[in-house]
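target.cif (mmCIF, C-alpha atoms)
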data_coords
loop_
_atom_site.label_atom_id
_atom_site.label_comp_id
_atom_site.auth_asym_id
_atom_site.auth_seq_id
_atom_site.Cartn_x
_atom_site.Cartn_y
_atom_site.Cartn_z
CA MET A 1 -58.63 166.15 -46.45
CA LYS A 2 -58.67 169.36 -44.42
CA ILE A 3 -62.04 170.51 -43.05
CA PHE A 4 -63.20 174.12 -42.65
CA ARG A 5 -66.13 175.29 -40.54
CA ASP A 6 -68.26 177.91 -42.22
CA PRO A 7 -71.40 179.86 -41.24
CA ILE A 8 -72.95 179.38 -44.70
CA HIS A 9 -72.10 175.80 -45.67
CA ASN A 10 -71.38 174.47 -42.15
CA VAL A 11 -68.68 171.91 -43.01
CA ILE A 12 -66.50 172.56 -46.05
CA ASP A 13 -64.32 169.82 -47.48
CA LEU A 14 -62.65 170.20 -50.85
CA ASP A 15 -62.13 166.54 -51.68
CA THR A 16 -61.45 166.36 -55.40
CA GLY A 17 -61.48 162.58 -55.47
CA ASP A 18 -57.74 162.54 -56.15
CA GLU A 19 -55.35 162.35 -53.21
CA ALA A 20 -52.51 164.16 -54.98
CA ALA A 21 -54.89 166.94 -56.09
CA ASN A 22 -56.18 167.23 -52.52
CA GLU A 23 -52.62 167.89 -51.33
CA LEU A 24 -52.28 170.52 -54.06
CA VAL A 25 -55.46 172.26 -52.84
CA ILE A 26 -54.07 172.54 -49.31
CA LYS A 27 -50.75 173.87 -50.59
CA LEU A 28 -52.55 176.46 -52.71
CA ILE A 29 -54.54 177.64 -49.69
CA ASP A 30 -51.26 178.06 -47.81
CA THR A 31 -49.65 180.26 -50.47
CA ARG A 32 -49.02 183.91 -49.69
CA GLU A 33 -51.29 184.92 -52.57
CA PHE A 34 -54.27 183.03 -51.18
CA GLN A 35 -53.60 183.87 -47.51
CA ARG A 36 -53.54 187.54 -48.56
CA LEU A 37 -57.29 187.23 -49.18
CA ARG A 38 -57.80 187.12 -45.40
CA SER A 39 -57.00 190.85 -45.50
CA ILE A 40 -59.28 191.76 -48.43
CA ARG A 41 -62.77 192.76 -47.32
CA GLN A 42 -65.47 191.24 -49.50
CA LEU A 43 -67.81 194.24 -49.49
CA GLY A 44 -65.44 197.17 -49.33
CA PHE A 45 -66.94 200.05 -47.34
CA ALA A 46 -70.29 198.31 -46.80
CA TYR A 47 -69.41 197.90 -43.12
CA PHE A 48 -70.12 201.63 -42.71
CA ALA A 49 -73.78 200.77 -43.30
CA TYR A 50 -73.79 197.14 -42.10
CA PRO A 51 -71.30 196.86 -39.20
CA SER A 52 -70.85 193.08 -39.42
CA ALA A 53 -70.00 193.11 -43.15
CA THR A 54 -66.28 192.65 -42.50
CA HIS A 55 -65.97 189.19 -44.03
CA THR A 56 -63.23 188.57 -46.60
CA ARG A 57 -62.50 187.07 -49.98
CA PHE A 58 -60.77 184.18 -48.20
CA GLU A 59 -63.91 182.53 -46.85
CA HIS A 60 -65.88 183.37 -49.99
CA SER A 61 -63.26 181.58 -52.11
CA LEU A 62 -63.46 178.48 -49.90
CA GLY A 63 -67.24 178.56 -50.23
CA VAL A 64 -67.14 178.80 -54.02
CA ALA A 65 -64.70 175.88 -54.24
CA PHE A 66 -67.00 173.80 -52.04
CA LEU A 67 -70.00 174.66 -54.22
CA ALA A 68 -67.95 173.67 -57.28
CA LYS A 69 -67.45 170.25 -55.78
CA ARG A 70 -71.18 169.90 -55.05
CA PHE A 71 -72.19 171.14 -58.51
CA LEU A 72 -69.84 168.72 -60.25
CA GLU A 73 -71.03 165.77 -58.21
CA LYS A 74 -74.66 166.63 -58.91
CA ILE A 75 -74.04 167.06 -62.65
CA VAL A 76 -72.21 163.74 -62.92
CA SER A 77 -75.09 162.01 -61.10
CA LEU A 78 -77.45 163.20 -63.85
CA GLU A 79 -75.56 161.55 -66.71
CA ASP A 80 -77.65 158.38 -67.13
CA LYS A 81 -80.95 160.26 -66.84
CA VAL A 82 -79.96 162.95 -69.34
CA LEU A 83 -78.45 160.57 -71.89
CA THR A 84 -81.56 158.41 -71.72
CA LEU A 85 -83.75 161.46 -72.38
CA TYR A 86 -81.63 162.40 -75.40
CA LYS A 87 -81.03 158.84 -76.67
CA GLU A 88 -82.72 159.55 -80.01
CA SER A 89 -81.26 163.04 -80.32
CA ALA A 90 -78.41 164.20 -82.54
CA HIS A 91 -77.07 165.91 -79.43
CA ARG A 92 -76.51 162.70 -77.49
CA GLN A 93 -72.80 162.53 -78.34
CA LEU A 94 -72.39 166.20 -77.47
CA LEU A 95 -73.86 165.51 -74.04
CA SER A 96 -71.77 162.37 -73.59
CA ASP A 97 -68.61 164.37 -74.32
CA PHE A 98 -69.76 167.06 -71.89
CA PHE A 99 -70.15 164.60 -69.00
CA ALA A 100 -66.81 162.95 -69.79
CA ARG A 101 -65.07 166.32 -69.70
CA ILE A 102 -66.81 167.32 -66.47
CA ARG A 103 -65.53 164.14 -64.79
CA LYS A 104 -62.03 164.61 -66.19
CA ASP A 105 -61.81 168.25 -65.10
CA LYS A 106 -63.21 167.84 -61.59
CA ALA A 107 -59.98 168.59 -59.71
CA VAL A 108 -58.89 171.51 -61.88
CA THR A 109 -62.40 172.99 -61.74
CA ILE A 110 -62.44 172.95 -57.93
CA ILE A 111 -59.00 174.58 -57.99
CA ALA A 112 -60.19 177.22 -60.45
CA ALA A 113 -63.16 177.98 -58.17
CA LEU A 114 -60.78 178.27 -55.22
CA LEU A 115 -58.58 180.77 -57.09
CA HIS A 116 -61.27 182.72 -58.95
CA ASP A 117 -60.94 185.86 -56.76
CA ILE A 118 -57.22 185.74 -55.99
CA GLY A 119 -56.68 188.91 -58.01
CA HIS A 120 -58.87 191.21 -55.92
CA GLY A 121 -57.20 194.34 -54.62
CA PRO A 122 -57.78 196.18 -51.32
CA LEU A 123 -61.48 196.54 -50.47
CA SER A 124 -62.34 194.30 -53.46
CA HIS A 125 -64.53 196.08 -56.04
CA THR A 126 -63.81 199.46 -54.44
CA PHE A 127 -60.23 199.17 -55.67
CA GLU A 128 -61.43 198.50 -59.21
CA THR A 129 -63.55 201.64 -59.05
CA ILE A 130 -60.79 203.96 -57.87
CA LEU A 131 -58.31 202.51 -60.39
CA LYS A 132 -59.94 203.21 -63.74
CA ASN A 133 -60.32 200.20 -66.03
CA SER A 134 -58.83 197.81 -63.48
CA ARG A 135 -60.42 194.34 -63.41
CA HIS A 136 -59.64 191.78 -60.73
CA GLU A 137 -60.18 188.98 -63.26
CA ASN A 138 -57.12 190.17 -65.20
CA TRP A 139 -55.00 190.29 -62.05
CA THR A 140 -56.25 186.79 -61.16
CA LYS A 141 -55.00 185.42 -64.47
CA ALA A 142 -51.73 187.32 -64.07
CA ILE A 143 -51.13 185.70 -60.67
CA ILE A 144 -52.05 182.23 -61.93
CA SER A 145 -49.85 182.46 -65.02
CA GLY A 146 -47.06 184.72 -63.71
CA GLU A 147 -44.24 184.47 -61.21
CA SER A 148 -46.09 183.43 -58.05
CA GLU A 149 -46.28 180.60 -55.55
CA VAL A 150 -49.64 179.65 -57.04
CA ASN A 151 -48.22 179.32 -60.54
CA SER A 152 -45.24 177.32 -59.28
CA LEU A 153 -47.50 174.82 -57.49
CA LEU A 154 -49.93 174.46 -60.39
CA ALA A 155 -47.21 174.00 -63.01
CA GLY A 156 -45.30 171.65 -60.74
CA PHE A 157 -48.37 169.44 -60.40
CA ASP A 158 -49.30 169.53 -64.09
CA ALA A 159 -47.71 171.81 -66.68
CA SER A 160 -51.12 172.40 -68.27
CA PHE A 161 -52.89 173.44 -65.04
CA PRO A 162 -52.18 177.23 -65.14
CA GLN A 163 -53.64 177.44 -68.64
CA LYS A 164 -56.57 175.16 -67.77
CA VAL A 165 -57.45 177.18 -64.67
CA CYS A 166 -57.38 180.42 -66.67
CA GLY A 167 -59.50 178.72 -69.34
CA ILE A 168 -62.16 177.70 -66.82
CA LEU A 169 -62.24 181.25 -65.48
CA SER A 170 -62.84 182.61 -69.00
CA GLU A 171 -66.46 182.45 -70.12
CA SER A 172 -65.35 182.57 -73.75
CA ASP A 173 -63.34 179.34 -73.57
CA GLU A 174 -65.77 176.76 -74.92
CA SER A 175 -63.16 174.01 -74.57
CA MET A 176 -63.69 174.10 -70.79
CA PRO A 177 -67.38 173.21 -70.19
CA SER A 178 -67.01 173.42 -66.42
CA ALA A 179 -66.57 177.19 -66.85
CA LYS A 180 -70.38 177.37 -67.01
CA ILE A 181 -70.72 176.59 -63.33
CA ILE A 182 -68.24 179.26 -62.17
CA THR A 183 -68.85 182.21 -64.49
CA GLY A 184 -72.27 181.50 -66.00
CA GLN A 185 -75.60 183.01 -64.97
CA LEU A 186 -76.67 180.29 -62.55
CA ASP A 187 -73.19 180.02 -61.09
CA ILE A 188 -71.55 179.10 -57.82
CA ASP A 189 -69.86 182.50 -57.40
CA LYS A 190 -73.24 184.26 -57.29
CA ILE A 191 -74.76 181.55 -55.10
CA ASP A 192 -72.07 181.93 -52.45
CA TYR A 193 -71.80 185.71 -52.42
CA LEU A 194 -75.57 186.21 -52.22
CA LEU A 195 -75.96 183.82 -49.30
CA ARG A 196 -72.75 184.95 -47.55
CA ASP A 197 -73.26 188.69 -47.98
CA SER A 198 -76.88 188.41 -46.88
CA TYR A 199 -75.88 186.51 -43.74
CA MET A 200 -72.93 188.75 -42.86
CA THR A 201 -74.82 192.01 -43.33
CA GLY A 202 -77.77 190.71 -41.34
CA ALA A 203 -80.06 191.52 -44.27
CA GLY A 204 -82.30 188.75 -45.54
CA TYR A 205 -82.50 189.96 -49.14
CA GLY A 206 -80.08 187.41 -50.56
CA LYS A 207 -81.61 184.27 -49.14
CA PHE A 208 -83.05 181.53 -51.33
CA ASP A 209 -83.43 177.76 -51.03
CA VAL A 210 -79.99 176.63 -52.15
CA GLU A 211 -80.63 172.98 -51.26
CA TRP A 212 -83.69 172.87 -53.48
CA LEU A 213 -81.72 174.59 -56.23
CA PHE A 214 -79.23 171.71 -56.11
CA ASN A 215 -82.06 169.21 -56.07
CA VAL A 216 -83.59 170.58 -59.30
CA LEU A 217 -80.34 171.09 -61.24
CA THR A 218 -80.36 169.51 -64.68
CA VAL A 219 -78.43 169.49 -67.95
CA GLY A 220 -79.81 170.00 -71.43
CA VAL A 221 -79.10 171.37 -74.90
CA ARG A 222 -80.20 174.72 -76.27
CA GLY A 223 -79.14 175.44 -79.82
CA ASP A 224 -75.88 173.55 -80.16
CA GLN A 225 -74.70 174.26 -76.62
CA VAL A 226 -74.86 172.07 -73.53
CA GLU A 227 -76.28 174.14 -70.69
CA VAL A 228 -76.68 173.67 -66.96
CA GLY A 229 -80.17 174.71 -65.89
CA LEU A 230 -83.09 173.83 -63.66
CA ASP A 231 -86.04 171.51 -63.98
CA LEU A 232 -89.00 173.55 -65.23
CA GLY A 233 -91.62 171.70 -63.20
CA LYS A 234 -89.81 171.93 -59.89
CA GLY A 235 -87.32 174.76 -60.27
CA LEU A 236 -89.31 177.79 -61.43
CA SER A 237 -89.83 179.23 -57.93
CA VAL A 238 -86.23 178.88 -56.80
CA ALA A 239 -85.03 180.40 -60.10
CA GLU A 240 -87.28 183.40 -59.47
CA ASP A 241 -86.03 183.66 -55.89
CA PHE A 242 -82.42 183.56 -57.10
CA VAL A 243 -82.90 186.43 -59.57
CA MET A 244 -84.89 188.54 -57.13
CA ALA A 245 -82.26 187.94 -54.44
CA ARG A 246 -79.65 189.45 -56.76
CA ILE A 247 -81.83 192.45 -57.54
CA TYR A 248 -82.60 193.10 -53.87
CA MET A 249 -78.96 192.69 -52.82
CA PHE A 250 -77.74 195.14 -55.44
CA ARG A 251 -80.45 197.65 -54.54
CA ASN A 252 -79.95 197.45 -50.78
CA ILE A 253 -76.35 196.29 -50.22
CA TYR A 254 -74.01 196.55 -53.18
CA LEU A 255 -75.26 199.96 -54.34
CA HIS A 256 -75.95 201.35 -50.88
CA LYS A 257 -75.42 205.12 -50.87
CA THR A 258 -73.15 205.00 -47.81
CA SER A 259 -70.70 202.65 -49.54
CA ILE A 260 -70.78 204.74 -52.71
CA ILE A 261 -70.10 207.96 -50.78
CA ALA A 262 -67.10 206.42 -48.99
CA GLN A 263 -65.84 204.96 -52.25
CA THR A 264 -66.16 208.35 -53.94
CA MET A 265 -64.29 210.05 -51.10
CA LEU A 266 -61.40 207.61 -51.57
CA LYS A 267 -61.36 208.38 -55.29
CA LEU A 268 -61.30 212.13 -54.54
CA LEU A 269 -58.34 211.55 -52.25
CA LEU A 270 -56.39 209.83 -55.02
CA ASP A 271 -57.38 212.54 -57.49
CA ARG A 272 -55.94 215.12 -55.12
CA ILE A 273 -52.66 213.20 -54.78
CA ARG A 274 -52.29 213.10 -58.55
CA GLU A 275 -52.65 216.90 -58.63
CA LEU A 276 -49.80 217.47 -56.19
CA PRO A 277 -46.06 217.27 -57.02
CA PRO A 278 -44.65 213.73 -56.52
CA ASP A 279 -42.01 214.94 -54.07
CA ALA A 280 -44.82 216.22 -51.85
CA THR A 281 -46.81 212.97 -51.86
CA ASP A 282 -44.38 210.04 -52.21
CA LYS A 283 -43.47 210.22 -48.54
CA LEU A 284 -47.16 209.83 -47.63
CA PHE A 285 -47.32 206.23 -48.85
CA PRO A 286 -46.66 203.47 -46.29
CA ASN A 287 -44.65 201.52 -48.87
CA ASP A 288 -43.46 201.73 -52.46
CA SER A 289 -45.65 198.83 -53.60
CA LEU A 290 -48.89 200.70 -52.85
CA ARG A 291 -47.49 203.88 -54.39
CA ARG A 292 -46.54 202.13 -57.62
CA ILE A 293 -49.89 200.33 -57.95
CA LEU A 294 -51.94 203.46 -57.28
CA GLN A 295 -49.85 205.48 -59.70
CA HIS A 296 -49.85 202.79 -62.39
CA GLY A 297 -53.55 201.99 -62.17
CA ALA A 298 -55.42 199.70 -64.49
CA GLU A 299 -54.11 196.58 -66.15
CA PRO A 300 -51.56 194.12 -64.74
CA VAL A 301 -47.99 194.21 -66.01
CA PRO A 302 -45.32 191.64 -65.04
CA HIS A 303 -43.00 194.06 -63.26
CA LEU A 304 -45.80 195.16 -60.91
CA LEU A 305 -47.15 191.71 -60.06
CA GLU A 306 -45.06 191.41 -56.90
CA ASP A 307 -46.20 194.86 -55.78
CA TYR A 308 -49.84 193.94 -56.32
CA ILE A 309 -49.55 190.65 -54.44
CA SER A 310 -47.97 192.40 -51.46
CA ILE A 311 -50.78 194.92 -50.81
CA SER A 312 -54.08 194.48 -49.00
CA ASP A 313 -56.58 196.43 -46.90
CA ILE A 314 -53.87 196.77 -44.26
CA ASP A 315 -51.71 198.90 -46.55
CA LEU A 316 -54.64 201.02 -47.71
CA PHE A 317 -55.68 201.88 -44.16
CA ALA A 318 -52.06 202.53 -43.15
CA PHE A 319 -52.02 204.95 -46.06
CA LEU A 320 -55.13 206.72 -44.74
CA LYS A 321 -53.63 206.94 -41.26
CA LEU A 322 -50.49 208.60 -42.61
CA LEU A 323 -52.53 211.07 -44.64
CA GLN A 324 -54.25 212.33 -41.49
CA THR A 325 -51.10 214.32 -40.71
CA SER A 326 -50.70 215.69 -44.21
CA GLU A 327 -50.24 219.44 -44.53
CA ASP A 328 -52.68 219.35 -47.41
CA GLU A 329 -56.12 220.11 -45.97
CA VAL A 330 -57.98 218.03 -48.57
CA LEU A 331 -55.91 214.91 -47.93
CA SER A 332 -56.12 215.19 -44.16
CA SER A 333 -59.85 215.92 -44.22
CA LEU A 334 -60.78 213.05 -46.57
CA SER A 335 -58.57 210.51 -44.79
CA ARG A 336 -59.99 211.43 -41.37
CA GLY A 337 -63.48 211.25 -42.82
CA LEU A 338 -62.91 207.69 -44.03
CA LEU A 339 -61.17 206.51 -40.86
CA GLU A 340 -63.70 208.09 -38.49
CA ARG A 341 -66.79 207.59 -40.66
CA ARG A 342 -67.36 211.29 -41.14
CA LEU A 343 -68.85 210.94 -44.58
CA PHE A 344 -70.27 213.58 -46.86
CA LYS A 345 -73.86 214.48 -45.97
CA ARG A 346 -76.83 214.95 -48.27
CA ILE A 347 -78.20 218.43 -48.92
CA ASP A 348 -81.47 219.50 -50.43
CA PRO A 349 -81.03 220.28 -54.17
CA ARG A 350 -82.71 223.65 -53.55
CA ASP A 351 -79.77 224.61 -51.33
CA LEU A 352 -77.13 223.66 -53.91
CA GLY A 353 -76.45 227.21 -55.06
CA ALA A 354 -76.01 228.59 -51.54
CA VAL A 355 -73.80 225.68 -50.44
CA THR A 356 -71.66 226.04 -53.56
CA GLN A 357 -71.20 229.74 -52.81
CA LEU A 358 -70.19 228.90 -49.24
CA ILE A 359 -67.53 226.52 -50.55
CA PHE A 360 -66.22 229.23 -52.87
CA ASP A 361 -66.07 231.73 -49.99
CA VAL A 362 -64.43 229.38 -47.46
CA LYS A 363 -62.28 227.04 -49.57
CA GLY A 364 -61.83 228.79 -52.88
CA ARG A 365 -63.33 228.31 -56.31
CA ASN A 366 -60.96 225.49 -57.32
CA MET A 367 -61.80 223.39 -54.27
CA GLN A 368 -65.46 222.69 -55.01
CA LYS A 369 -64.79 219.21 -56.45
CA TYR A 370 -63.22 218.09 -53.14
CA HIS A 371 -66.05 219.32 -50.94
CA LEU A 372 -69.18 218.76 -53.00
CA LEU A 373 -70.32 215.54 -54.65
CA THR A 374 -72.69 216.58 -57.41
CA GLU A 375 -75.26 214.25 -58.88
CA LEU A 376 -74.09 211.27 -56.86
CA ASN A 377 -75.49 208.04 -58.36
CA SER A 378 -76.70 209.80 -61.49
CA ASN A 379 -74.77 207.33 -63.63
CA ALA A 380 -75.67 204.29 -61.54
CA ALA A 381 -78.55 202.04 -62.38
CA LEU A 382 -79.78 198.65 -61.30
CA THR A 383 -80.33 196.57 -64.43
CA TYR A 384 -81.30 193.04 -65.37
CA HIS A 385 -81.39 191.80 -68.95
CA ALA A 386 -82.67 188.28 -69.52
CA ALA A 387 -80.80 188.04 -72.83
CA LYS A 388 -77.49 188.32 -70.93
CA GLU A 389 -78.40 186.84 -67.57
CA TYR A 390 -80.86 184.14 -68.51
CA ILE A 391 -81.45 181.02 -66.46
CA LEU A 392 -82.63 178.05 -68.50
CA LEU A 393 -85.52 175.85 -67.41
CA PHE A 394 -85.74 172.43 -69.09
CA ASP A 395 -89.03 170.61 -69.46
CA LYS A 396 -89.49 166.82 -69.32
CA HIS A 397 -88.71 166.57 -73.03
CA GLY A 398 -85.37 168.34 -72.69
CA GLN A 399 -86.50 171.60 -74.26
CA GLY A 400 -85.00 174.68 -72.65
CA PHE A 401 -86.77 177.97 -71.96
CA PRO A 402 -85.31 181.23 -70.60
CA LEU A 403 -86.74 182.01 -67.18
CA HIS A 404 -88.57 185.18 -68.26
CA GLU A 405 -90.61 183.20 -70.81
CA LYS A 406 -92.09 181.01 -68.09
CA SER A 407 -92.16 183.37 -65.12
CA LYS A 408 -94.90 185.85 -64.31
CA ILE A 409 -92.50 187.65 -61.97
CA ILE A 410 -89.20 188.02 -63.85
CA PRO A 411 -89.33 190.46 -66.79
CA ALA A 412 -87.26 190.25 -69.97
CA SER A 413 -85.46 193.39 -68.81
CA PHE A 414 -85.44 195.59 -65.76
CA SER A 415 -83.87 198.98 -65.07
CA GLU A 416 -84.04 201.21 -62.03
CA ASP A 417 -82.25 204.55 -62.11
CA PHE A 418 -81.00 206.01 -58.87
CA PRO A 419 -82.13 209.48 -57.84
CA VAL A 420 -79.85 212.45 -58.39
CA GLU A 421 -78.57 213.56 -55.00
CA TYR A 422 -75.95 216.01 -53.71
CA TYR A 423 -73.55 215.51 -50.82
CA VAL A 424 -71.24 217.95 -49.12
CA GLU A 425 -68.20 217.53 -46.87
CA GLN A 426 -69.17 217.55 -43.18
CA GLY A 427 -67.26 220.69 -42.23
CA ILE A 428 -69.04 222.68 -44.92
CA TYR A 429 -72.31 220.98 -44.06
CA HIS A 430 -72.10 222.09 -40.43
CA GLN A 431 -71.20 225.64 -41.43
CA TRP A 432 -74.15 225.71 -43.81
CA SER A 433 -76.51 224.26 -41.19
CA THR A 434 -75.42 226.85 -38.63
CA SER A 435 -75.81 229.80 -40.99
CA HIS A 436 -79.06 228.32 -42.29
CA LEU A 437 -80.57 228.23 -38.80
CA ARG A 438 -79.27 231.69 -37.91
CA SER A 439 -80.88 233.13 -41.02
CA GLY A 440 -84.25 232.00 -39.73
CA LEU A 441 -85.02 230.09 -42.90
CA SER A 442 -87.30 227.10 -42.66
CA ASP A 443 -85.67 223.75 -42.16
CA ARG A 444 -85.28 221.45 -45.12
CA PRO A 445 -84.85 217.71 -44.79
CA THR A 446 -81.30 216.35 -44.69
CA ARG A 447 -79.88 212.99 -43.91
#

Rewrite the structure from the file as C-alpha cells, please.
Amino acid sequence: MKIFRDPIHNVIDLDTGDEAANELVIKLIDTREFQRLRSIRQLGFAYFAYPSATHTRFEHSLGVAFLAKRFLEKIVSLEDKVLTLYKESAHRQLLSDFFARIRKDKAVTIIAALLHDIGHGPLSHTFETILKNSRHENWTKAIISGESEVNSLLAGFDASFPQKVCGILSESDESMPSAKIITGQLDIDKIDYLLRDSYMTGAGYGKFDVEWLFNVLTVGVRGDQVEVGLDLGKGLSVAEDFVMARIYMFRNIYLHKTSIIAQTMLKLLLDRIRELPPDATDKLFPNDSLRRILQHGAEPVPHLLEDYISISDIDLFAFLKLLQTSEDEVLSSLSRGLLERRLFKRIDPRDLGAVTQLIFDVKGRNMQKYHLLTELNSNAALTYHAAKEYILLFDKHGQGFPLHEKSKIIPASFSEDFPVEYYVEQGIYHQWSTSHLRSGLSDRPTR
C-alpha cells in the first residue's frame, strides 16, 4: 500500500483491508479528476491574510480518507463492548446490523472519504460564492456518476460503487450508516480541515486533542437511530474543544475580512463582465471551458462536466492576468488589485457621503458599485445551533445527551453578527486621503 507523508497525520496509509480495493484507491488518486485537486487552494484567498495558507484540497482529501480508516477501525473495535451494554435492549439487533454494515462498507467508505471534495472549483468555497447557488457537493456527485475516469474505475471495480459512494456522501441516505462519520456533526471532514487549516495558517485556533477524541469514541442509540458519539465521562472536554475550535476558526480564518474583500472583488469583476457585450469579453478568457462555466454558473449539467473538470486555480489566475490589459478600467483595476493584493480599504462610516460623491465626480454615478463596497459583512454571521450541530455524549448506561445539555461552556445556540463596514477601491481611497489631509480636517481611523 502506498504511503504519504503529511504534516498533520505524519504517515498516511489508506489500507482498506482488501488488496484489490487498495489498488483501486491508488488508481483513483492517479486520475486527472483527483490530481486536479493539487491546483485547488483549500482556503481560497485566505493566503492574503495568512501567507502560508496555500495548501490544497489534494492533501485534505488524503487526510479525510485516512481518518475514515481510523474511525472505522475504532468503531469496529467497540462492537463487543456496545452489544454487551445493549444486550437486554430492543435496539441490540439494530446495533448488530450497524456494525455488520460498517465492516462490509469499509473499503467504499474510505473511497467516499477520498473523493468527498473532488467537485470543488477554483479557490474552493470562493468559487461557490461567485457562482450563485453552486454547490461543490453536487459537482462531486456529477463527477462520480458521470463520464469521468473516477466513474469508470469505480464502476469497473463494482457496478454498485458509484451509487454507494454518492449514498455515503449524502446525509439523507439512511441505508449507508458510514455516512455519519463523513458528513455528520462529529465528522472526519471537520476534524481534518480544522487541524490542517490551523496548522497551515499558523493560527492555533483549530487545535484540539484528536488522539483523545479517538480514544473516547463510542456508539449508542438515540431515538431509533444508531449514532457515533463520545463517552460522557471522558469526552466532555474534547467535545467542547472541538466545537470551540470551529467557532474560533470561522471567526478568525474562514470569515476573515481580507478573504471576504478579495472574494467580493472577484464577484464584482464577474458582474462587470456580464454587463459588457459578449464579443468584448469572450477574448479575455484563457480558454472556453472557464468561459462556459462562469457564464453557466450554478448546478452541474452533463455537457459541462468536462469543462468543469478541466479548470482549476491556474485557469482563474490566468484569467486575471489577461484582464490586466483590458481596455475596461473596472476589469483592469479589479484584476490588478487581486493579483497584486491591492484590496479595497476600509473607510470611516462618517466619510461615506463624501467618498461616494468623490466616486460620482471621478468615475461617474453608475460606477459606484465597482468602487465602493457598502455594508460589507452585514449579511454574514457566525452561528452555532445545537439542534443541527449536536454532538452526542453517551453515559455508562448507553443513554445519549446532546453536548449543550451537559456542558457549561457550549450554549444551545450562538450567533455573532459582523459589524457593518465600508470599503473603497484603493485609487479612490488615496484620492480621498489626499484631499482629506489637504482640507485640514482631523484624521479619522482607517485600516

For Ala239 (chain A), the nearest of the candidates A:Leu270, A:Leu382, A:Leu304, A:Leu392, counting all atoms listed in the file: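 Smallest distance to Ala239 (chain A) is found for A:Leu392.
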
Given the PyMOL selection byres ((chain A and resi 14) around 6), the residues it picks as a PyMOL selection string: chain A and resi 13+15+66

Nearest to Asp417 (chain A), chosen from A:His116, A:Arg251, A:Arg135, A:Arg57, with only C-alpha atoms counted in the distances: A:Arg251

Close residues, Arg272 (chain A) itself excluded, 10 Å, all atoms listed in the file, min 2 positions apart in chain, as an MDAnalysis selection string: chainID A and resid 266:270 274:276 281 328 330:331 369:370

Reference answer for the PyMOL selection byres ((chain A and resi 128) around 12), as an NGL selection string: :A and (44 or 119-127 or 129-139 or 263 or 266-267 or 293-294 or 297-299)

Ref. answer, residues at most 10 Å from (-49.2, 185.5, -62.7) with all atoms listed in the file, as a list in words: Gly119, Asn138, Trp139, Thr140, Lys141, Ala142, Ile143, Ile144, Ser145, Gly146, Glu147, Ser148, Glu149, Val150, Asn151, Ser152, Pro162, Pro300, Val301, Pro302, Leu305, Glu306 and Ile309 of chain A

Expansion of the PyMOL selection byres ((chain A and resi 22) around 12) into residues, as a PyMOL selection string: chain A and resi 1-3+13-21+23-29+106-108+110-111+157

Test item: residues at most 8 Å from region 175-181 of chain A, only C-alpha atoms, excluding those fewer than 4 positions along its chain, as number ranges by chain: A: 68, 71, 98, 101-102, 105, 109, 164, 167-171, 185-188, 227-228

Any chance you could work out the axis-aligned box around region 384-393 of chain A, listed atoms only, 8 Å on each side, giving centre and edge lengths in Å to one decimal, as lines of an AutoDock Vina configuration file?
center_x = -81.5
center_y = 184.4
center_z = -69.1
size_x = 24.0
size_y = 33.2
size_z = 23.5

Among the residues A:Gly229, A:Glu405, A:Lys207, A:Gly353, the one that comes closest to Gly184 (chain A) [using only C-alpha atoms]: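 With only C-alpha atoms as the atom set, the closest residue is A:Gly229.
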
Near-Thr264 (chain A) list (12 Å; all atoms listed in the file; drop same-chain fewer than 6 positions) as a list in words: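 Near neighbours after the sequence-gap exclusion: Phe45, Thr126, Phe127, Thr129, Ile130, Leu131, Lys257, Thr258, Leu270, Asp271, Leu334, Gly337, Leu338, Leu343, Phe344, Lys369, Tyr370, His371, Leu372, Leu373, Thr374, Glu375, Leu376, Asn377, Tyr423, Val424 and Glu425 of chain A.
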
Go ahead and save the picked residues with C-alpha atoms, as a PDB file, keeping the file's coordinate frame.
ATOM      1  CA  PHE A  45     -66.940 200.050 -47.340  1.00  0.00           C
ATOM      2  CA  THR A 126     -63.810 199.460 -54.440  1.00  0.00           C
ATOM      3  CA  PHE A 127     -60.230 199.170 -55.670  1.00  0.00           C
ATOM      4  CA  THR A 129     -63.550 201.640 -59.050  1.00  0.00           C
ATOM      5  CA  ILE A 130     -60.790 203.960 -57.870  1.00  0.00           C
ATOM      6  CA  LEU A 131     -58.310 202.510 -60.390  1.00  0.00           C
ATOM      7  CA  LYS A 257     -75.420 205.120 -50.870  1.00  0.00           C
ATOM      8  CA  THR A 258     -73.150 205.000 -47.810  1.00  0.00           C
ATOM      9  CA  LEU A 270     -56.390 209.830 -55.020  1.00  0.00           C
ATOM     10  CA  ASP A 271     -57.380 212.540 -57.490  1.00  0.00           C
ATOM     11  CA  LEU A 334     -60.780 213.050 -46.570  1.00  0.00           C
ATOM     12  CA  GLY A 337     -63.480 211.250 -42.820  1.00  0.00           C
ATOM     13  CA  LEU A 338     -62.910 207.690 -44.030  1.00  0.00           C
ATOM     14  CA  LEU A 343     -68.850 210.940 -44.580  1.00  0.00           C
ATOM     15  CA  PHE A 344     -70.270 213.580 -46.860  1.00  0.00           C
ATOM     16  CA  LYS A 369     -64.790 219.210 -56.450  1.00  0.00           C
ATOM     17  CA  TYR A 370     -63.220 218.090 -53.140  1.00  0.00           C
ATOM     18  CA  HIS A 371     -66.050 219.320 -50.940  1.00  0.00           C
ATOM     19  CA  LEU A 372     -69.180 218.760 -53.000  1.00  0.00           C
ATOM     20  CA  LEU A 373     -70.320 215.540 -54.650  1.00  0.00           C
ATOM     21  CA  THR A 374     -72.690 216.580 -57.410  1.00  0.00           C
ATOM     22  CA  GLU A 375     -75.260 214.250 -58.880  1.00  0.00           C
ATOM     23  CA  LEU A 376     -74.090 211.270 -56.860  1.00  0.00           C
ATOM     24  CA  ASN A 377     -75.490 208.040 -58.360  1.00  0.00           C
ATOM     25  CA  TYR A 423     -73.550 215.510 -50.820  1.00  0.00           C
ATOM     26  CA  VAL A 424     -71.240 217.950 -49.120  1.00  0.00           C
ATOM     27  CA  GLU A 425     -68.200 217.530 -46.870  1.00  0.00           C
TER      28      GLU A 425
END

Distance of CA of Ile410 (chain A) from CA of Arg196 (chain A), expressed in Å to one decimal place: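 Computing the Euclidean distance for CA of Arg196 (chain A) and CA of Ile410 (chain A) yields 23.4 Å.
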
Polymer residues at most 12 Å from (-46.8, 210.9, -41.5) by only C-alpha atoms, as JSON, numbers by chain: {"A": [280, 281, 282, 283, 284, 285, 286, 318, 319, 320, 321, 322, 323, 324, 325, 326, 327, 328, 331, 332]}
